[in-house]
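Below is the file input-v2.cif, which contains mmCIF, C-alpha atoms (C1' of nucleotides).
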```cif
data_coords
#
loop_
_atom_site.label_atom_id
_atom_site.label_comp_id
_atom_site.auth_asym_id
_atom_site.auth_seq_id
_atom_site.Cartn_x
_atom_site.Cartn_y
_atom_site.Cartn_z
CA MET A 1 0.00 0.00 0.00
CA THR A 2 1.46 3.32 -1.07
CA GLY A 3 0.51 6.76 0.21
CA HIS A 4 2.37 7.21 3.46
CA GLU A 5 2.23 10.97 3.06
CA VAL A 6 -1.10 10.66 4.82
CA VAL A 7 0.68 9.06 7.78
CA ASP A 8 2.86 12.16 8.18
CA HIS A 9 -0.23 14.34 8.02
CA ALA A 10 -2.00 12.19 10.59
CA ARG A 11 0.89 12.38 13.03
CA SER A 12 1.25 16.14 12.62
CA LEU A 13 -2.43 16.64 13.42
CA LEU A 14 -1.86 15.26 16.92
CA GLY A 15 -1.68 18.09 19.44
CA ARG A 16 -3.12 20.56 16.93
CA SER A 17 -6.18 22.57 17.90
CA PHE A 18 -9.48 21.94 16.16
CA ARG A 19 -12.49 24.19 16.57
CA GLY A 20 -16.11 23.64 15.71
CA HIS A 21 -19.12 25.87 16.39
CA GLY A 22 -17.73 27.44 19.55
CA VAL A 23 -15.81 24.49 21.02
CA THR A 24 -12.04 24.11 20.75
CA LEU A 25 -10.15 20.91 21.43
CA ARG A 26 -6.66 19.53 21.19
CA ILE A 27 -6.51 16.50 18.89
CA THR A 28 -5.29 13.41 20.76
CA GLU A 29 -6.18 10.51 18.41
CA VAL A 30 -6.34 10.15 14.61
CA GLU A 31 -6.43 7.50 11.90
CA ALA A 32 -4.87 7.70 8.42
CA TYR A 33 -6.85 6.49 5.37
CA GLY A 34 -4.77 6.12 2.23
CA GLY A 35 -7.49 6.57 -0.38
CA VAL A 36 -7.26 4.78 -3.72
CA ASN A 37 -4.77 2.18 -2.49
CA ASP A 38 -6.29 1.56 0.94
CA PRO A 39 -9.12 -1.00 1.01
CA ALA A 40 -10.33 0.42 4.33
CA SER A 41 -10.74 3.93 2.90
CA HIS A 42 -14.11 5.19 1.68
CA ALA A 43 -12.19 6.56 -1.31
CA PHE A 44 -11.11 3.05 -2.31
CA SER A 45 -14.33 3.20 -4.34
CA ARG A 46 -14.93 6.53 -6.02
CA THR A 47 -18.60 7.30 -5.33
CA ALA A 48 -20.72 10.37 -4.66
CA ARG A 49 -19.93 10.07 -0.95
CA SER A 50 -16.16 9.85 -1.36
CA GLU A 51 -15.91 12.48 -4.09
CA ILE A 52 -14.85 15.17 -1.60
CA MET A 53 -11.64 13.23 -0.93
CA TYR A 54 -10.68 13.53 -4.59
CA GLY A 55 -10.74 17.30 -4.29
CA GLU A 56 -8.79 20.09 -2.67
CA PRO A 57 -6.83 19.21 0.50
CA TRP A 58 -7.67 20.75 3.87
CA ARG A 59 -11.35 20.40 3.36
CA LEU A 60 -13.67 18.60 5.76
CA TYR A 61 -15.13 15.20 4.90
CA VAL A 62 -18.19 14.48 7.06
CA TYR A 63 -20.06 11.20 6.86
CA ARG A 64 -22.84 9.52 8.78
CA SER A 65 -21.91 6.35 10.57
CA TYR A 66 -24.31 3.61 11.60
CA GLY A 67 -27.21 5.93 10.88
CA MET A 68 -26.68 7.93 14.05
CA HIS A 69 -23.19 9.39 14.36
CA LEU A 70 -21.10 11.77 12.28
CA CYS A 71 -17.36 11.39 11.73
CA LEU A 72 -15.00 14.23 10.78
CA ASN A 73 -12.03 13.83 8.47
CA VAL A 74 -9.37 16.16 7.13
CA VAL A 75 -8.79 15.63 3.41
CA THR A 76 -5.01 15.69 2.97
CA GLY A 77 -4.41 14.92 -0.70
CA PRO A 78 -2.70 14.74 -3.06
CA THR A 79 -5.90 14.77 -5.09
CA GLU A 80 -5.07 11.67 -7.13
CA GLN A 81 -4.48 9.79 -3.88
CA ALA A 82 -7.77 10.86 -2.17
CA ALA A 83 -6.29 10.38 1.30
CA ALA A 84 -7.85 11.69 4.50
CA VAL A 85 -7.35 11.59 8.27
CA LEU A 86 -10.18 10.67 10.63
CA VAL A 87 -10.12 12.83 13.76
CA ARG A 88 -11.05 10.36 16.49
CA SER A 89 -10.59 12.06 19.85
CA GLY A 90 -9.64 15.30 21.52
CA GLU A 91 -9.29 17.11 24.81
CA VAL A 92 -11.79 19.96 25.10
CA LEU A 93 -9.95 23.21 25.87
CA GLU A 94 -12.55 25.93 25.31
CA GLY A 95 -16.32 25.92 25.29
CA ARG A 96 -16.61 23.06 27.74
CA GLU A 97 -20.11 24.11 28.82
CA LEU A 98 -21.28 24.12 25.22
CA ALA A 99 -19.71 20.72 24.67
CA ARG A 100 -21.44 19.40 27.77
CA LEU A 101 -24.74 20.82 26.58
CA ARG A 102 -24.32 18.86 23.36
CA ARG A 103 -23.11 15.66 25.01
CA GLY A 104 -25.15 15.52 28.18
CA PRO A 105 -24.69 16.51 31.83
CA THR A 106 -23.28 13.22 33.09
CA VAL A 107 -20.38 12.90 30.66
CA ALA A 108 -16.93 13.18 32.26
CA ASP A 109 -14.60 15.86 30.90
CA ALA A 110 -12.22 13.32 29.41
CA ASN A 111 -15.10 11.67 27.52
CA LEU A 112 -16.60 14.79 25.94
CA ALA A 113 -14.77 14.23 22.64
CA ARG A 114 -13.58 10.65 23.14
CA GLY A 115 -14.27 8.64 19.97
CA PRO A 116 -15.14 10.02 16.51
CA GLY A 117 -18.92 10.14 16.97
CA ASN A 118 -18.62 11.87 20.32
CA LEU A 119 -16.03 14.31 18.98
CA ALA A 120 -18.29 15.35 16.10
CA ARG A 121 -21.16 15.83 18.49
CA SER A 122 -19.17 17.91 20.96
CA LEU A 123 -18.14 20.19 18.12
CA GLY A 124 -21.75 20.60 16.99
CA ALA A 125 -20.97 19.33 13.50
CA THR A 126 -23.68 18.63 10.93
CA MET A 127 -23.66 17.48 7.32
CA ASP A 128 -23.74 21.18 6.39
CA ASP A 129 -20.08 21.33 7.42
CA LEU A 130 -19.13 18.96 4.62
CA GLY A 131 -16.53 20.61 2.40
CA THR A 132 -15.56 23.41 4.81
CA TYR A 133 -12.06 24.71 4.08
CA LEU A 134 -10.30 24.19 7.38
CA LEU A 135 -7.60 26.87 7.28
CA ASP A 136 -9.77 29.96 6.92
CA GLY A 137 -11.28 30.30 10.41
CA GLU A 138 -14.81 29.37 9.37
CA ALA A 139 -17.30 27.58 11.62
CA VAL A 140 -14.99 24.57 11.67
CA TRP A 141 -11.26 25.07 11.44
CA LEU A 142 -7.79 23.83 12.33
CA GLY A 143 -5.54 25.99 14.49
CA PRO A 144 -1.75 26.06 14.33
CA ALA A 145 0.19 22.83 14.72
CA ALA A 146 1.46 21.81 18.15
CA ALA A 147 4.47 23.83 19.33
CA THR A 148 6.29 20.69 20.44
CA ALA A 149 5.79 17.24 18.94
CA PRO A 150 3.85 14.99 21.33
CA ASP A 151 4.90 11.46 22.23
CA ILE A 152 3.02 9.25 19.76
CA THR A 153 1.97 5.61 19.85
CA ALA A 154 0.67 3.68 16.80
CA GLY A 155 -1.66 0.70 16.44
CA PRO A 156 -4.29 -0.84 14.14
CA ARG A 157 -7.33 1.21 13.15
CA VAL A 158 -10.58 0.75 15.06
CA GLY A 159 -13.58 -0.99 13.53
CA VAL A 160 -12.23 -1.64 10.05
CA SER A 161 -12.77 -5.06 8.45
CA LYS A 162 -10.27 -4.64 5.62
CA ALA A 163 -6.53 -4.03 6.15
CA ALA A 164 -7.38 -4.61 9.79
CA ASP A 165 -3.77 -4.89 10.93
CA VAL A 166 -2.32 -1.83 9.22
CA PRO A 167 -1.06 0.30 12.16
CA TRP A 168 -2.39 3.63 10.97
CA ARG A 169 -4.08 4.76 14.16
CA PHE A 170 -2.00 7.27 16.10
CA TRP A 171 -2.55 8.74 19.53
CA ILE A 172 -0.79 10.81 22.18
CA THR A 173 0.80 8.30 24.52
CA GLY A 174 -1.03 7.93 27.80
CA ASP A 175 -3.66 10.59 27.13
CA PRO A 176 -6.94 9.84 28.98
CA THR A 177 -9.12 11.16 26.14
CA VAL A 178 -7.98 8.44 23.69
CA SER A 179 -10.71 5.91 22.83
CA ALA A 180 -10.52 2.19 23.46
CA TYR A 181 -9.49 -0.22 20.70
CA ARG A 182 -12.27 -2.35 19.23
CA ARG A 183 -11.50 -4.73 16.40
CA SER A 184 -14.19 -5.17 13.76
CA PRO A 185 -16.15 -8.39 14.28
CA ARG A 186 -15.81 -8.97 10.53
CA ALA A 187 -12.08 -8.59 10.41
CA PRO A 188 -10.29 -11.84 9.52
"C1'" DC B 1 -35.16 -3.35 -6.45
"C1'" DC B 2 -33.41 -5.37 -2.29
"C1'" DA B 3 -30.13 -6.75 1.09
"C1'" DA B 4 -26.35 -5.97 3.77
"C1'" DA B 5 -22.71 -3.60 5.66
"C1'" DG B 6 -21.03 -0.20 8.13
"C1'" DA B 7 -14.06 4.30 9.89
"C1'" DT B 8 -19.92 3.83 16.49
"C1'" DC B 9 -21.56 3.96 21.20
"C1'" DG B 10 -23.90 2.96 25.37
"C1'" DT B 11 -25.62 -0.51 28.17
"C1'" DG B 12 -25.76 -5.14 30.26
"C1'" DA C 1 -22.44 -9.39 23.64
"C1'" DC C 2 -26.11 -6.66 21.68
"C1'" DG C 3 -29.21 -3.31 19.79
"C1'" DA C 4 -30.23 1.39 17.99
"C1'" DT C 5 -30.88 3.50 13.41
"C1'" DC C 6 -30.46 4.75 8.47
"C1'" DT C 7 -27.58 5.95 4.50
"C1'" DT C 8 -24.69 4.18 1.07
"C1'" DT C 9 -23.28 0.66 -1.72
"C1'" DG C 10 -23.20 -3.31 -4.67
"C1'" DG C 11 -25.44 -7.26 -6.57
"C1'" DG C 12 -29.32 -9.36 -9.29
#
```
Could you write out this structure as structure tokens?
Amino acid sequence: MTGHEVVDHARSLLGRSFRGHGVTLRITEVEAYGGVNDPASHAFSRTARSEIMYGEPWRLYVYRSYGMHLCLNVVTGPTEQAAAVLVRSGEVLEGRELARLRRGPTVADANLARGPGNLARSLGATMDDLGTYLLDGEAVWLGPAAATAPDITAGPRVGVSKAADVPWRFWITGDPTVSAYRRSPRAP
DNA sequence: CCAAAGATCGTG
DNA sequence: ACGATCTTTGGG
């Protein structure tokens, strides 16, 4: 599988700030998806849904998961590769009350944006955010990269049935906001 | 047209 | 281990 540029992008997103609709977090967990050469990537098949990944980098790919969650991805390019990075977890830094309003009163701070569905919800994302350019300070945007590189651990991606052992999930070592690993029941 | 599979999450 | 919930996808 080619396309390890996306791995560099994934790692550099760790520690970077990510803001959505009034809530800012620090990204603690991501997964790289290689696009046309990665059987686990939605862009492995070029369809209406994955078309955004064949476009301009630094745009937001939003998709609905299991009919009830949204997941947020940063399209990283190059365009012919259609690669993207799934933002899986973060530590809420600003707008905690708003995040709690969206997630519910009983959720612990560390769990507000723990896991991709929860993260999208804490940021107040909707399908209307699909295609947002992430470097222009719009409703959803990426802040500057981390000042110092965090300590990173790698492992297999969560929930994928194809290429289930490719270690393209990256997280900040020891961070309490990182989600638990769950292997797909369909993975060989 | 229909069936099945999801880049999930909370509960038990 | 299981169910909620529904869109997208691929096969016939």
*asked:* Taking all atoms listed in the file into account, find every residue of chain B that has an atom no more than 10 Å from chain A, and write it out as a VMD selection string.
replied: chain B and resid 5 to 9
*For the point (-13.7, 20.2, 27.8) in the file's frame, write as number ranges by chain all residues with an atom no more than 9 Å away, counting only C-alpha atoms (C1' of nucleotides).*
A: 23-25, 90-100, 108-113
*Do you know which residues the PyMOL selection byres ((chain C) within 8 of (chain A)) returns on this file, as a list in words?*
DT5, DC6, DT7 and DT8 of chain C
Output C-alpha atoms (C1' of nucleotides) for every residue in the selection just made, as a tab-separated table (two decimals), in the frame of the given file.
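selection_1.tsv was written with the following content:
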```
chain	number	residue	atom	x	y	z
C	5	DT	C1'	-30.88	3.50	13.41
C	6	DC	C1'	-30.46	4.75	8.47
C	7	DT	C1'	-27.58	5.95	4.50
C	8	DT	C1'	-24.69	4.18	1.07
```
*Chain and number of each residue from the PyMOL selection byres ((chain C and resi 2) around 12), as a PyMOL selection string*: (chain B and resi 9-12) or (chain C and resi 1+3-4)
_Output check: residues returned by the PyMOL selection byres ((chain A and resi 163-176) around 6), as a ChimeraX atom specification_ = /A:28-32,151-157,160-162,177-178
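For A:Leu13, the list of residues within 9 Å, based on all atoms listed in the file and with local chain neighbours fewer than 2 positions off taken out, reads Asp8, His9, Ala10, Arg11, Gly15, Arg16, Ser17, Ile27, Thr28, Glu29, Val30, Val85, Val87, Ala145 and Ala146 of chain A.
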*Pairwise distance for atom CA of A:Val62 and atom CA of A:Val74, rounded to one decimal in Å*: 9.0 Å
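When atom CA of A:Gly34 is paired with atom C1' of C:DG10, their separation reads 21.8 Å.
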